[in-house]
Amino acid sequence: MLQRLRTQRGPQLALLLTLWVVLGRLFAGNWTFPLDRSSLTPFHTWLGNGMDSIDANRNTNPIMSNVVEGIRNGIDGFVAALQNLLSQPPAGHQFPLVGWLGVIAIVTWVVYATANWRVATLAGIGFYALGALGFWTESMDTLALVIAAVVIALIIGIPLGILSGLFPRFEKLMTPFLDFAQVMPTFVYLMPVALFFLIGPASATIVTLIYAIPPALRITAVAIRGVPTVTVEAGTSLGTTRWQLLRKVQLPQAKRTIVVGINQTIMAALSMVTIAALIDAPGLGQVVVQSLQKLDVGTSFQAGLAIVVMAIVLDRATTAAAAKVQRESVQAARTRLRRRLGLGIGFVGVVVAVLVSYFTVFGAQFQGSGFIGLPFADAMQAGADWVQLHWSNATSWYTDLISNWFLNPLQSALVGTPWFLTGAVVLALAYMFGGPRLTAVCALLLAVLVGTGLWSDAMVTLAATFFAAAITIVLGVFFGAWMGRNHRVDSILRPVLDAGQVLPAFVYLVPFLGLFGATRFTAILAAVVYAAPASVKLIADGVRGVPQTIREAALSAGANTWQVITKVELPMARHAIALATNQGLIYVLAMVVVGGLVGAGGLGYLVVAGFAQSSLRGKGMAAGLAIVVLGILIDRITQAASQPRVRASIGNGH
Amino acid sequence: MTTTISVRNLWKVFGPHPEAIVNSPDAMLSRSELRKKTGATAAVRDVSFDVGEGEVFVVMGLSGSGKSTLVRCMTRLIEPTAGEVLIQGEDVLHADGARLREIRRTKFSMVFQHFGLLPHRRVIDNVAFGLEINGIKKDKRYARAEEVVGLVGLQGYEQAYPEQLSGGMQQRVGLARALASDPAVMFFDEPFSALDPLIRRDMQTEVIRLHEEVGKTMVFITHDIHEALRLGDRIAIMRDGGLVQVGTPEELIAQPADDYVANFVLDFPKSHVLTLRWIARPATSDAELQGPALPANMVIRDAARTVLEVDGPVRVMDDGALLGVVSTEEILAVIAGAQG
Amino acid sequence: MTIRLHGGVLIAAAASLVLTACGAASTSSSSTTTTSASATTSASAAACGTFNMAINPWVGYEANAAVIKYVAEKQLGCTVTTKNISEQVAWQGFATGEIDAIVENWGHTDLVKKYITDQKVAVDFGPTGNEGIIGWYVPPWMAQKYPDITDWKNLNKYASLFKTSESGNLGQFSDGDPAYVTNDEALMKNLKLNFKVVYLGSEAALIQGFRNAETQKKPFIGYFYEPQWFLSEVPLVHIKLPAYTPGCDAVAAKIACDYPPYHLNKVVSVKFANSGSPAVKLIKNFSWTNDDQNLVAKYITVDKMTDDQAAAKWVAANQAKVDAWLK
């Protein structure tokens with residue numbers, strides 16, 4: 001059916017594009033809203049004044065001084081308490097309350113209790129590696145923030161998720177907020193949050209919450225809704241109250257999926273706390289950001305590796321815990337007894353380790369810190385230097401080629417075309433794919449975009465976004481199809497993709513800068529590295545999902561491998577490809593602010609500049625708004641185009 | 001026989017403005033026409049019937065006929081749009097939340113097509129679940145659960161988890177759970193249609209046995225005419241949300257209300273259900289009154305041998321009065337008809 | 001666009017990443033409280049107590065703070081709490097009581113007026129001895145190969161060398177840190193130079209640009225400033241612009257002269273200034289040269305020492321200067 005629609009839409013799309021190009025050429029340079037770097041529109045000034053007045057009234061406004069400050073102090077206190085346990089000595093102590101030995105013992109034991117001994121061993125070794133990499137304290141700071149954010153995210157997200165699962169109307173109410181939170185690039189809300197909660201752990205925790213609550217909420221709702229109707233009916237027919245039904249029927253069956261949600265929440269939190277280093281979140285993110293300032297490739301990879309290690313441990317531990325929720329039920333009594341015995345003995349060991357770590361310097365201070373990390377950093381630095389020395393001629397030639405032949409024409413077309421022409425094309429697309437309602441929504445969004453006064457910058461950003469997304473999709477289809485067909489390729493590539501998803505972008509920014517200079521192309525590459533793993537995985541899963549019988553039918557009809565891929569697998573995985581396109585665009589857009597740091601200009605640069613210059617605060621805020629509007633426009637239209645609607649609610653990354 | 005369940009003019013309409021459809025002329029449109037005109041679907045329309053105490057009442061229909069909705073309306077798992085459902089004289093539809101729970105806990109229970117067992121609980125805890133939510137103490141509810149586990153033949157499986165049992169065994173757990181609260185009425189929603197044919201037969205036998213032992217009033221939903229005829233004291237045939245015919249198996253087969261019902265029973269060996277009463281004809285001569293006498297309520301299949309062995313017709317007697325005679329031709333007509 | 005903005009944002013080294021923190025990697029987290037390791041709990045230690053020092057996000061600042069912290073803790077027995085915090089927020093901290101000292105301040109006329117003149121919560125504690133210079137720079141190899149490039153009048157002659165895919169027909173002039181409002185676009189126009197200002201987006205990108213240009217002998221011209229640790233790695237060559245005269249930059253759009261020189265200073269909270277702590281005298285007297293700062297910054301960046309190690313090394317070699325601060 002989609003095939004048929006597409007053939008109908010094809011000529012229309014072509015006509016639309018031709019019209020846009022021809023008319024755009026005709027009127028090139030008119031009605032394009034250009035705005036100098038340092039010029040402000042009244043809207044920007046108004047925003048800036050608003051922000052100033054928030055600052056000025058921090059101590060006098062009762063809402064600010066009570067509510068906002070109360071939240072800030074509460075969260076700061078919570079984080080500080082966790083830090084005192086794990087990373088920072090409380091007043092009067094020389095070391096944190098639990099030293100490395102105690103932490104590793106506790107982690108290993110907890111993972112054994114919730115998962116199994118194999119993952120527990122991995123967790124123990126992984127945590128030891130954090131110290132061996134040279135970042136024990138920083139890792140524990142990061143862990144403290146992750147724990148704080150995840151605990152709060154679950155306290156908020158799970159009950160709301162349960163309500164969403166139970167009451168469709170409540171879910172409808174939540175959906176726009178969740179969509180907004182997921183489409184909104186993470187960098188964009190750093191500034192508003194810091195405006196209210198100042199910089200520091202509280203703000204870091206709050207921005208992390210914004211990012212981590214949606215998966216917790218969505219997956220809990222899915223879990224509750226996924227409980228078979230028949231068991232709910234069975235419970236009801238036996239006369240359960242609503243509460244009994246929830247507690248005895250729905251929650252126990254939803255538990256496994258909810259644990260998957262916890263996994264997603266943890267991963268989201270971890271990826272965000274490193275970004276939150278920009279607003280002074282303590283931990284590994286700081287190291288990475290500082291190495292960027294000092295252009296220290298080695299150290300940034302060293303810290304990046306620590307983040308990846310922590311991500312792997314937390315991911316495997318929660319995944320194994322989710323798998324176990326189900327298996328546990330059927331365990332024989334004897335194994336259960338043996339397990340309990342093991343847990344008991346382990347617990348004694350944990351207590352001993354914690355005591356040793358409290359009372360001895362040996363247990364409190366990581367021994368041999370950095371004995372793996374420093375050589376690793378040196379090797380990475382040497383590698384980066386070598387690559388830069390020998391490759392940069394080729395890479396800069398390549399950068400120029402791409403910029404002159406692809407990026408510049410695309411950008412000048414988007415920037416030079418009158419705004420109403422481009423707007424009309426957007427509305428036409430919205431109408432074609434989504435009907436009048438979507439058109440109305442898009443018209444409103446376009447009006448907001450025009451209202452920000454940053455049309456021209458938005459088009460610069462859009463050009464880079466389209467280009468990066470195109471590369472992402474090509475990579476996604478190529479590697480996705482390969483991985484989907486071949487299990488060995490999958491098992492090799494998947495860990496690499498996983499690492500790519502948790503590695504903070506700052507880590508690879510410096511080497512990219514060295515190779516490709518501060519250009520839009522560098523920003524595009526960074527965005528592709530960030531976005532491609534999710535797209536590749538989605539398409540790989542889609543191709544793998546093609547029923548074997550259909551493949552066999554094609555083979556028995558005499559199709560060769562190429563035909564099987566192009567005529568069977570990719571068409572059948574088209575929903576996955578559509579979703580990958582949607583996600584690819586959103587991910588790429590999320591990176592535009594980072595792109596602003598390395599030469600991409602556009603909205604990203606304005607957000608960064610707004611961070612730094614008080615006179616540009618309002619403009620930076622408007623740029624953030626423009627990015628969000630672009631994100632929602634892209635999201636809505638691509639989702640509508642990939643009918644039937646594919647929701648990006650879960651499996652968003654990781 | 002006292003009436004245990006009484007259903008009066010029950011309606012369930014899905015879609016916009018459901019109340020407006022009830023009893024309106026639109027309701028008589030065909031399903032697709034109604035949908036086109038109003039956007040609504042009448043899943044149950046104007047259904048009335050009574051079920052006597054200890055009776056097994058079967059509701060039979062094809063998928064989409066509204067039979068599952070009907071049974072859910074009677075238990076208010078789905079709120080009906082209009083009508084009345086009385087169970088032991090109490091109006092179920094007007095019970096408030098607390099009273100409804102009370103009714104569910106004590107007066108009726110339900111067995112589901114896909115069992116609806118809780119995967120995280122052992123068999124014994126699944127069986128005792130209804131008692132548990134009713135606040136019955138642990139030792140007491142386990143004692144009762146043990147009792148019903150024995151009744152349905154699940155001894156030895158108390159500590160197993162549902163996923164370790166076969167489908168048939170799982171449905172025994174479902175049966176036990178429904179029995180545990182000792183309800184007056186049991187609802188069965190296509191309980192055996194997910195099972196293999198052989199096991200299905202076993203389970204039907206099990207239900208017949210249980211009915212003999214505990215004598216519950218049962219409302220049994222099925223799409224399988226054989227099951228319906230085998231279990232039902234009376235059978236209601238449903239189509240497009242309404243009842244087409246309600247009657248005993250014999251009545252359905254002998255006097256189908258329309259072609260729809262006739263089609264259902266077409267394949268069924270009539271000789272297994274019909275009694276001599278339905279084929280007795282007046283004697284044409286005194287000579288025909290010489291044969292042996294058989295009771296009018298004897299099933300044709302059982303009478304066949306006697307009839308075929310004697311030369312002439314046999315007499316059909318109803319409470320000592322002569323109802324008529326049956327000869328070889330009539331018997332063969334029924335048996336041959338069943339095969340044709 | 002006025003002078004005050006330049007200073008305000010100079011933040012030079014501050015890397016784009018703006019709010020970022022710069023504490024030495026090893027001392028980790030944001031608000032680290034480091035208790036003096038020395039066991040001497042002398043009377044002076046009790047008198048000194050605890051004070052909060054802002055760490056603004058550039059390495060030059062970090063060098064000042066490292067040495068002050070080291071001396072205060074090791075030689076005065078104080079407890080110094082450092083806060084990784086951006087400049088403007090740090091000034092705010094004088095009012096909220098969160099910050100006691102900023103030890104390298106670049107101008108900020110507006111904030112000086114607000115917090116020193118109007119609210120009277122902070123006081124100027126005198127120069128750090130460092131001179132801030134902002135201007136246009138080229139990598140050393142270019143100055144050698146094209147000696148006359150160091151005068152702005154000759155720049156148009158070389159404009160075509162600087163053409164890139166980002167700048168089209170004009171030469172590319174690179175601006176780095178978005179924290180800084182530069183005059184460069186106005187200068188290009190008013191001095192009629194055939195260059196397009198391209199915003200690289202971060203200090204890191206700018207430094208990387210200069211570094212690549214030097215190692216690969218590629219043309220590169222851009223905005224830079226000193227003191228800055230990178231100058232000890234690659235000694236960039238300053239380009240002469242029409243001389244700065246007070247008021248020549250009054251109207252932003254008409255600017256056609258060089259950037260003004262900056263005298264960097266220290267600012268502390270009134271509360272701290274009146275506390276009687278010996279650290280007050282230390283901060284008031286603290287003064288050193290651009291070379292001193294660049295050396296400590298080099299220890300931190302190039303030699304990868306922690307702040308404490310870098311400070312210890314410098315103090316060991318310059319105890320006489322330290323003694324002068326403590327007198």
# chains A, B, ... in the order shown; residues from 1 in each chain; ligands from 1
>>> select_by_dssp(residues="region 145-321 of chain C", states="helix (DSSP H, G or I)", output="MDAnalysis selection string")
chainID C and resid 145 147:150 152:162 184:190 203:215 230:233 252:254 270:273 278:285 290:301 307:317 319:321
>>> interface_residues(of="chain A", to="chain C", cutoff="7 Å", atoms="only C-alpha atoms", output="mmCIF file with N, CA, C and O atoms, in the first residue's frame")
data_model
loop_
_atom_site.group_PDB
_atom_site.id
_atom_site.type_symbol
_atom_site.label_atom_id
_atom_site.label_comp_id
_atom_site.auth_asym_id
_atom_site.auth_seq_id
_atom_site.Cartn_x
_atom_site.Cartn_y
_atom_site.Cartn_z
ATOM 1 N N GLU A 138 36.438 10.589 39.790
ATOM 2 C CA GLU A 138 35.540 11.174 38.805
ATOM 3 C C GLU A 138 34.416 10.205 38.455
ATOM 4 O O GLU A 138 33.254 10.602 38.316
ATOM 5 N N ALA A 277 28.275 18.320 32.159
ATOM 6 C CA ALA A 277 29.537 18.926 32.595
ATOM 7 C C ALA A 277 29.597 20.382 32.156
ATOM 8 O O ALA A 277 30.261 21.197 32.790
ATOM 9 N N LEU A 278 28.886 20.712 31.083
ATOM 10 C CA LEU A 278 28.871 22.093 30.609
ATOM 11 C C LEU A 278 28.232 23.026 31.624
ATOM 12 O O LEU A 278 28.454 24.224 31.591
ATOM 13 N N ILE A 279 27.382 22.506 32.491
ATOM 14 C CA ILE A 279 26.860 23.354 33.559
ATOM 15 C C ILE A 279 27.387 22.855 34.900
ATOM 16 O O ILE A 279 26.688 22.811 35.887
ATOM 17 N N ASP A 280 28.646 22.470 34.868
ATOM 18 C CA ASP A 280 29.385 22.166 36.079
ATOM 19 C C ASP A 280 28.921 20.932 36.820
ATOM 20 O O ASP A 280 28.965 20.882 38.038
ATOM 21 N N PRO A 282 29.782 17.511 38.220
ATOM 22 C CA PRO A 282 31.067 16.897 38.517
ATOM 23 C C PRO A 282 31.198 15.554 37.790
ATOM 24 O O PRO A 282 30.220 14.995 37.325
ATOM 25 N N GLY A 283 32.419 15.071 37.688
ATOM 26 C CA GLY A 283 32.614 13.722 37.185
ATOM 27 C C GLY A 283 33.387 13.639 35.889
ATOM 28 O O GLY A 283 34.128 14.540 35.511
ATOM 29 N N GLN A 286 33.483 16.330 33.143
ATOM 30 C CA GLN A 286 34.406 17.433 33.377
ATOM 31 C C GLN A 286 35.742 17.167 32.726
ATOM 32 O O GLN A 286 36.329 18.026 32.087
ATOM 33 N N VAL A 287 36.220 15.953 32.937
ATOM 34 C CA VAL A 287 37.536 15.609 32.402
ATOM 35 C C VAL A 287 37.522 15.751 30.888
ATOM 36 O O VAL A 287 38.432 16.322 30.284
ATOM 37 N N GLN A 290 37.297 19.424 29.874
ATOM 38 C CA GLN A 290 38.580 20.100 30.112
ATOM 39 C C GLN A 290 39.629 19.682 29.109
ATOM 40 O O GLN A 290 40.434 20.488 28.658
ATOM 41 N N LEU A 292 39.054 18.915 26.146
ATOM 42 C CA LEU A 292 38.748 19.623 24.906
ATOM 43 C C LEU A 292 39.374 21.016 24.939
ATOM 44 O O LEU A 292 39.953 21.467 23.956
ATOM 45 N N GLN A 293 39.281 21.679 26.089
ATOM 46 C CA GLN A 293 39.866 23.013 26.199
ATOM 47 C C GLN A 293 41.363 22.986 25.995
ATOM 48 O O GLN A 293 41.957 23.908 25.457
ATOM 49 N N LYS A 294 41.961 21.891 26.462
ATOM 50 C CA LYS A 294 43.419 21.812 26.352
ATOM 51 C C LYS A 294 43.817 21.008 25.129
ATOM 52 O O LYS A 294 44.995 20.692 24.954
ATOM 53 N N LEU A 295 42.852 20.645 24.300
ATOM 54 C CA LEU A 295 43.099 19.857 23.091
ATOM 55 C C LEU A 295 43.880 18.598 23.408
ATOM 56 O O LEU A 295 44.804 18.222 22.700
ATOM 57 N N ASP A 400 37.032 20.148 1.426
ATOM 58 C CA ASP A 400 36.726 21.171 0.424
ATOM 59 C C ASP A 400 35.802 20.625 -0.646
ATOM 60 O O ASP A 400 34.846 21.287 -1.063
ATOM 61 N N SER A 403 32.316 20.307 0.734
ATOM 62 C CA SER A 403 31.729 21.620 0.997
ATOM 63 C C SER A 403 31.357 22.312 -0.302
ATOM 64 O O SER A 403 30.256 22.827 -0.458
ATOM 65 N N ASN A 404 32.279 22.308 -1.298
ATOM 66 C CA ASN A 404 32.029 23.060 -2.517
ATOM 67 C C ASN A 404 30.948 22.440 -3.387
ATOM 68 O O ASN A 404 30.172 23.150 -4.025
ATOM 69 N N LEU A 513 38.596 17.803 14.648
ATOM 70 C CA LEU A 513 39.052 19.172 14.399
ATOM 71 C C LEU A 513 40.409 19.160 13.731
ATOM 72 O O LEU A 513 40.681 19.907 12.792
ATOM 73 N N GLY A 514 41.271 18.274 14.214
ATOM 74 C CA GLY A 514 42.601 18.183 13.657
ATOM 75 C C GLY A 514 42.568 17.771 12.200
ATOM 76 O O GLY A 514 43.324 18.279 11.376
ATOM 77 N N GLY A 517 39.510 20.367 10.291
ATOM 78 C CA GLY A 517 39.452 21.795 10.573
ATOM 79 C C GLY A 517 38.128 22.192 11.176
ATOM 80 O O GLY A 517 37.206 21.382 11.310
ATOM 81 N N ALA A 518 38.035 23.462 11.571
ATOM 82 C CA ALA A 518 36.776 23.947 12.128
ATOM 83 C C ALA A 518 35.855 24.303 10.977
ATOM 84 O O ALA A 518 35.809 25.434 10.524
ATOM 85 N N GLY A 596 28.064 23.800 16.518
ATOM 86 C CA GLY A 596 28.365 25.222 16.645
ATOM 87 C C GLY A 596 29.738 25.473 17.259
ATOM 88 O O GLY A 596 30.357 26.490 17.016
ATOM 89 N N LEU A 597 30.217 24.520 18.032
ATOM 90 C CA LEU A 597 31.526 24.659 18.671
ATOM 91 C C LEU A 597 32.667 24.414 17.707
ATOM 92 O O LEU A 597 33.804 24.769 17.975
ATOM 93 N N VAL A 598 32.396 23.760 16.596
ATOM 94 C CA VAL A 598 33.493 23.388 15.700
ATOM 95 C C VAL A 598 33.297 23.926 14.292
ATOM 96 O O VAL A 598 33.794 23.359 13.340
ATOM 97 N N GLY A 599 32.546 24.998 14.177
ATOM 98 C CA GLY A 599 32.535 25.675 12.899
ATOM 99 C C GLY A 599 31.276 25.550 12.082
ATOM 100 O O GLY A 599 31.232 26.013 10.952
ATOM 101 N N GLY A 601 28.434 26.979 12.637
ATOM 102 C CA GLY A 601 27.664 28.220 12.603
ATOM 103 C C GLY A 601 26.200 27.963 12.890
ATOM 104 O O GLY A 601 25.848 27.046 13.621
ATOM 105 N N TYR A 605 25.750 27.772 16.909
ATOM 106 C CA TYR A 605 26.699 28.791 17.343
ATOM 107 C C TYR A 605 26.004 29.823 18.214
ATOM 108 O O TYR A 605 26.545 30.270 19.230
ATOM 109 N N VAL A 608 25.520 28.571 21.706
ATOM 110 C CA VAL A 608 26.791 28.599 22.422
ATOM 111 C C VAL A 608 27.154 30.032 22.810
ATOM 112 O O VAL A 608 27.555 30.310 23.935
ATOM 113 N N ALA A 609 26.978 30.956 21.847
ATOM 114 C CA ALA A 609 27.309 32.347 22.130
ATOM 115 C C ALA A 609 26.397 32.915 23.210
ATOM 116 O O ALA A 609 26.826 33.690 24.058
ATOM 117 N N PHE A 611 25.189 31.337 25.643
ATOM 118 C CA PHE A 611 25.723 30.833 26.891
ATOM 119 C C PHE A 611 26.768 31.771 27.454
ATOM 120 O O PHE A 611 26.868 32.003 28.639
ATOM 121 N N ALA A 612 27.594 32.283 26.525
ATOM 122 C CA ALA A 612 28.816 32.944 26.947
ATOM 123 C C ALA A 612 28.649 34.440 27.145
ATOM 124 O O ALA A 612 29.327 35.029 27.965
ATOM 125 N N GLN A 613 27.778 35.060 26.354
ATOM 126 C CA GLN A 613 27.692 36.515 26.401
ATOM 127 C C GLN A 613 26.351 36.938 26.947
ATOM 128 O O GLN A 613 25.315 36.585 26.394
#
>>> residues_around(residues="Thr265 (chain A)", least_positions_apart="5", cutoff="9 Å", atoms="only C-alpha atoms", output="PyMOL selection string")
chain A and resi 150+153-154+211-216+260+270
>>> residues_around(residues="Thr417 (chain A)", least_positions_apart="2", cutoff="12 Å", atoms="only C-alpha atoms", output="MDAnalysis selection string")
chainID A and resid 19:34 409:415 419:425 455:456 459:460
>>> closest_residue(among="B:Gln171, B:Thr106, B:Thr217, B:Thr328", to="chain A", atoms="only C-alpha atoms")
B:Thr106
>>> interface_residues(of="chain B", to="chain A", cutoff="10 Å", atoms="only C-alpha atoms", output="PyMOL selection string")
chain B and resi 72+75-78+97-122+129-134+160-164+174+177-178+181+187
>>> residues_around(residues="Leu389 (chain A)", least_positions_apart="3", cutoff="12 Å", atoms="only C-alpha atoms", output="list in words")
Ala382, Gly383, Ala384, Asp385, Trp386, Ser392, Asn393, Ala394, Thr395, Ser396, Pro511, Gly514 and Leu515 of chain A; Arg211, Asn212, Ala213, Glu214, Thr215, Gln216 and Lys217 of chain C
>>> residues_around(residues="Leu589 (chain A)", least_positions_apart="2", cutoff="9 Å", atoms="only C-alpha atoms", output="PyMOL selection string")
chain A and resi 183-185+461-462+464-465+469+527+584-587+591-593+627+630-631
>>> residues_around(residues="region 24-41 of chain B", least_positions_apart="4", cutoff="9 Å", atoms="only C-alpha atoms", output="list in words")
Lys12, Val13, Phe14, Gly15, Pro16, His17, Pro18, Ala20, Arg45 and Asp240 of chain B
>>> write_last_selection(atoms="N, CA and C atoms", output="mmCIF file, in the first residue's frame")
data_model
loop_
_atom_site.group_PDB
_atom_site.id
_atom_site.type_symbol
_atom_site.label_atom_id
_atom_site.label_comp_id
_atom_site.auth_asym_id
_atom_site.auth_seq_id
_atom_site.Cartn_x
_atom_site.Cartn_y
_atom_site.Cartn_z
ATOM 1 N N LYS B 12 -25.557 -3.720 23.981
ATOM 2 C CA LYS B 12 -24.234 -3.117 24.065
ATOM 3 C C LYS B 12 -23.897 -2.538 22.695
ATOM 4 N N VAL B 13 -23.755 -1.218 22.656
ATOM 5 C CA VAL B 13 -23.417 -0.539 21.406
ATOM 6 C C VAL B 13 -22.071 0.147 21.593
ATOM 7 N N PHE B 14 -21.139 -0.139 20.699
ATOM 8 C CA PHE B 14 -19.850 0.556 20.716
ATOM 9 C C PHE B 14 -19.898 1.716 19.738
ATOM 10 N N GLY B 15 -19.228 2.789 20.084
ATOM 11 C CA GLY B 15 -19.161 3.911 19.146
ATOM 12 C C GLY B 15 -19.806 5.147 19.721
ATOM 13 N N PRO B 16 -19.971 6.162 18.871
ATOM 14 C CA PRO B 16 -20.502 7.429 19.359
ATOM 15 C C PRO B 16 -21.991 7.336 19.698
ATOM 16 N N HIS B 17 -22.414 8.015 20.715
ATOM 17 C CA HIS B 17 -23.823 8.090 21.150
ATOM 18 C C HIS B 17 -24.496 6.733 21.212
ATOM 19 N N PRO B 18 -23.982 5.827 21.986
ATOM 20 C CA PRO B 18 -24.554 4.467 21.986
ATOM 21 C C PRO B 18 -26.013 4.437 22.431
ATOM 22 N N ALA B 20 -28.384 6.361 21.864
ATOM 23 C CA ALA B 20 -29.333 6.749 20.825
ATOM 24 C C ALA B 20 -29.698 5.579 19.928
ATOM 25 N N ARG B 45 -27.649 -6.916 20.827
ATOM 26 C CA ARG B 45 -28.869 -6.114 20.697
ATOM 27 C C ARG B 45 -30.101 -6.838 21.195
ATOM 28 N N ASP B 240 -25.034 -11.609 14.753
ATOM 29 C CA ASP B 240 -25.062 -10.141 14.656
ATOM 30 C C ASP B 240 -25.578 -9.482 15.921
#
>>> select_by_dssp(residues="region 46-203 of chain B", states="strand (DSSP E)", output="PyMOL selection string")
chain B and resi 46-52+56-61+82-87+90-91+108-111+185-189
>>> write_last_selection(atoms="C-alpha atoms", output="PDB file, in the first residue's frame")
ATOM      1  CA  ASP B  46     -31.960  -6.634  22.669  1.00  0.00           C
ATOM      2  CA  VAL B  47     -31.022  -9.977  24.172  1.00  0.00           C
ATOM      3  CA  SER B  48     -33.360 -11.616  26.706  1.00  0.00           C
ATOM      4  CA  PHE B  49     -33.297 -15.076  28.250  1.00  0.00           C
ATOM      5  CA  ASP B  50     -33.537 -16.901  31.544  1.00  0.00           C
ATOM      6  CA  VAL B  51     -31.306 -19.572  32.987  1.00  0.00           C
ATOM      7  CA  GLY B  52     -32.673 -21.953  35.558  1.00  0.00           C
ATOM      8  CA  VAL B  56     -26.150 -25.484  31.601  1.00  0.00           C
ATOM      9  CA  PHE B  57     -27.003 -22.696  29.195  1.00  0.00           C
ATOM     10  CA  VAL B  58     -24.852 -22.486  26.086  1.00  0.00           C
ATOM     11  CA  VAL B  59     -24.514 -19.393  23.948  1.00  0.00           C
ATOM     12  CA  MET B  60     -23.302 -20.383  20.548  1.00  0.00           C
ATOM     13  CA  GLY B  61     -22.299 -18.242  17.606  1.00  0.00           C
ATOM     14  CA  ALA B  82     -29.042  -0.757  28.342  1.00  0.00           C
ATOM     15  CA  GLY B  83     -31.046  -3.638  29.796  1.00  0.00           C
ATOM     16  CA  GLU B  84     -31.217  -5.666  32.922  1.00  0.00           C
ATOM     17  CA  VAL B  85     -29.271  -8.607  34.314  1.00  0.00           C
ATOM     18  CA  LEU B  86     -30.593 -10.275  37.446  1.00  0.00           C
ATOM     19  CA  ILE B  87     -28.571 -12.922  39.220  1.00  0.00           C
ATOM     20  CA  GLU B  90     -30.283  -9.074  42.242  1.00  0.00           C
ATOM     21  CA  ASP B  91     -29.827  -6.374  39.659  1.00  0.00           C
ATOM     22  CA  PHE B 108     -20.215 -15.914  40.117  1.00  0.00           C
ATOM     23  CA  SER B 109     -16.884 -16.698  38.578  1.00  0.00           C
ATOM     24  CA  MET B 110     -15.490 -16.976  35.109  1.00  0.00           C
ATOM     25  CA  VAL B 111     -13.279 -19.261  33.042  1.00  0.00           C
ATOM     26  CA  VAL B 185     -22.971 -19.258  38.658  1.00  0.00           C
ATOM     27  CA  MET B 186     -19.999 -20.068  36.466  1.00  0.00           C
ATOM     28  CA  PHE B 187     -19.382 -18.285  33.182  1.00  0.00           C
ATOM     29  CA  PHE B 188     -17.268 -20.026  30.570  1.00  0.00           C
ATOM     30  CA  ASP B 189     -15.924 -17.910  27.727  1.00  0.00           C
TER      31      ASP B 189
END
>>> closest_residue(among="C:Cys78, C:Ala101, C:Val197, C:Val138", to="Val234 (chain C)", atoms="only C-alpha atoms")
C:Val138
>>> closest_residue(among="B:Ala42, B:Val325, B:Gly168, B:Asp182", to="Val214 (chain B)", atoms="only C-alpha atoms")
B:Asp182
>>> atom_distance(atom1="CA of Ile577 (chain A)", atom2="CA of Ala311 (chain A)")
26.8 Å
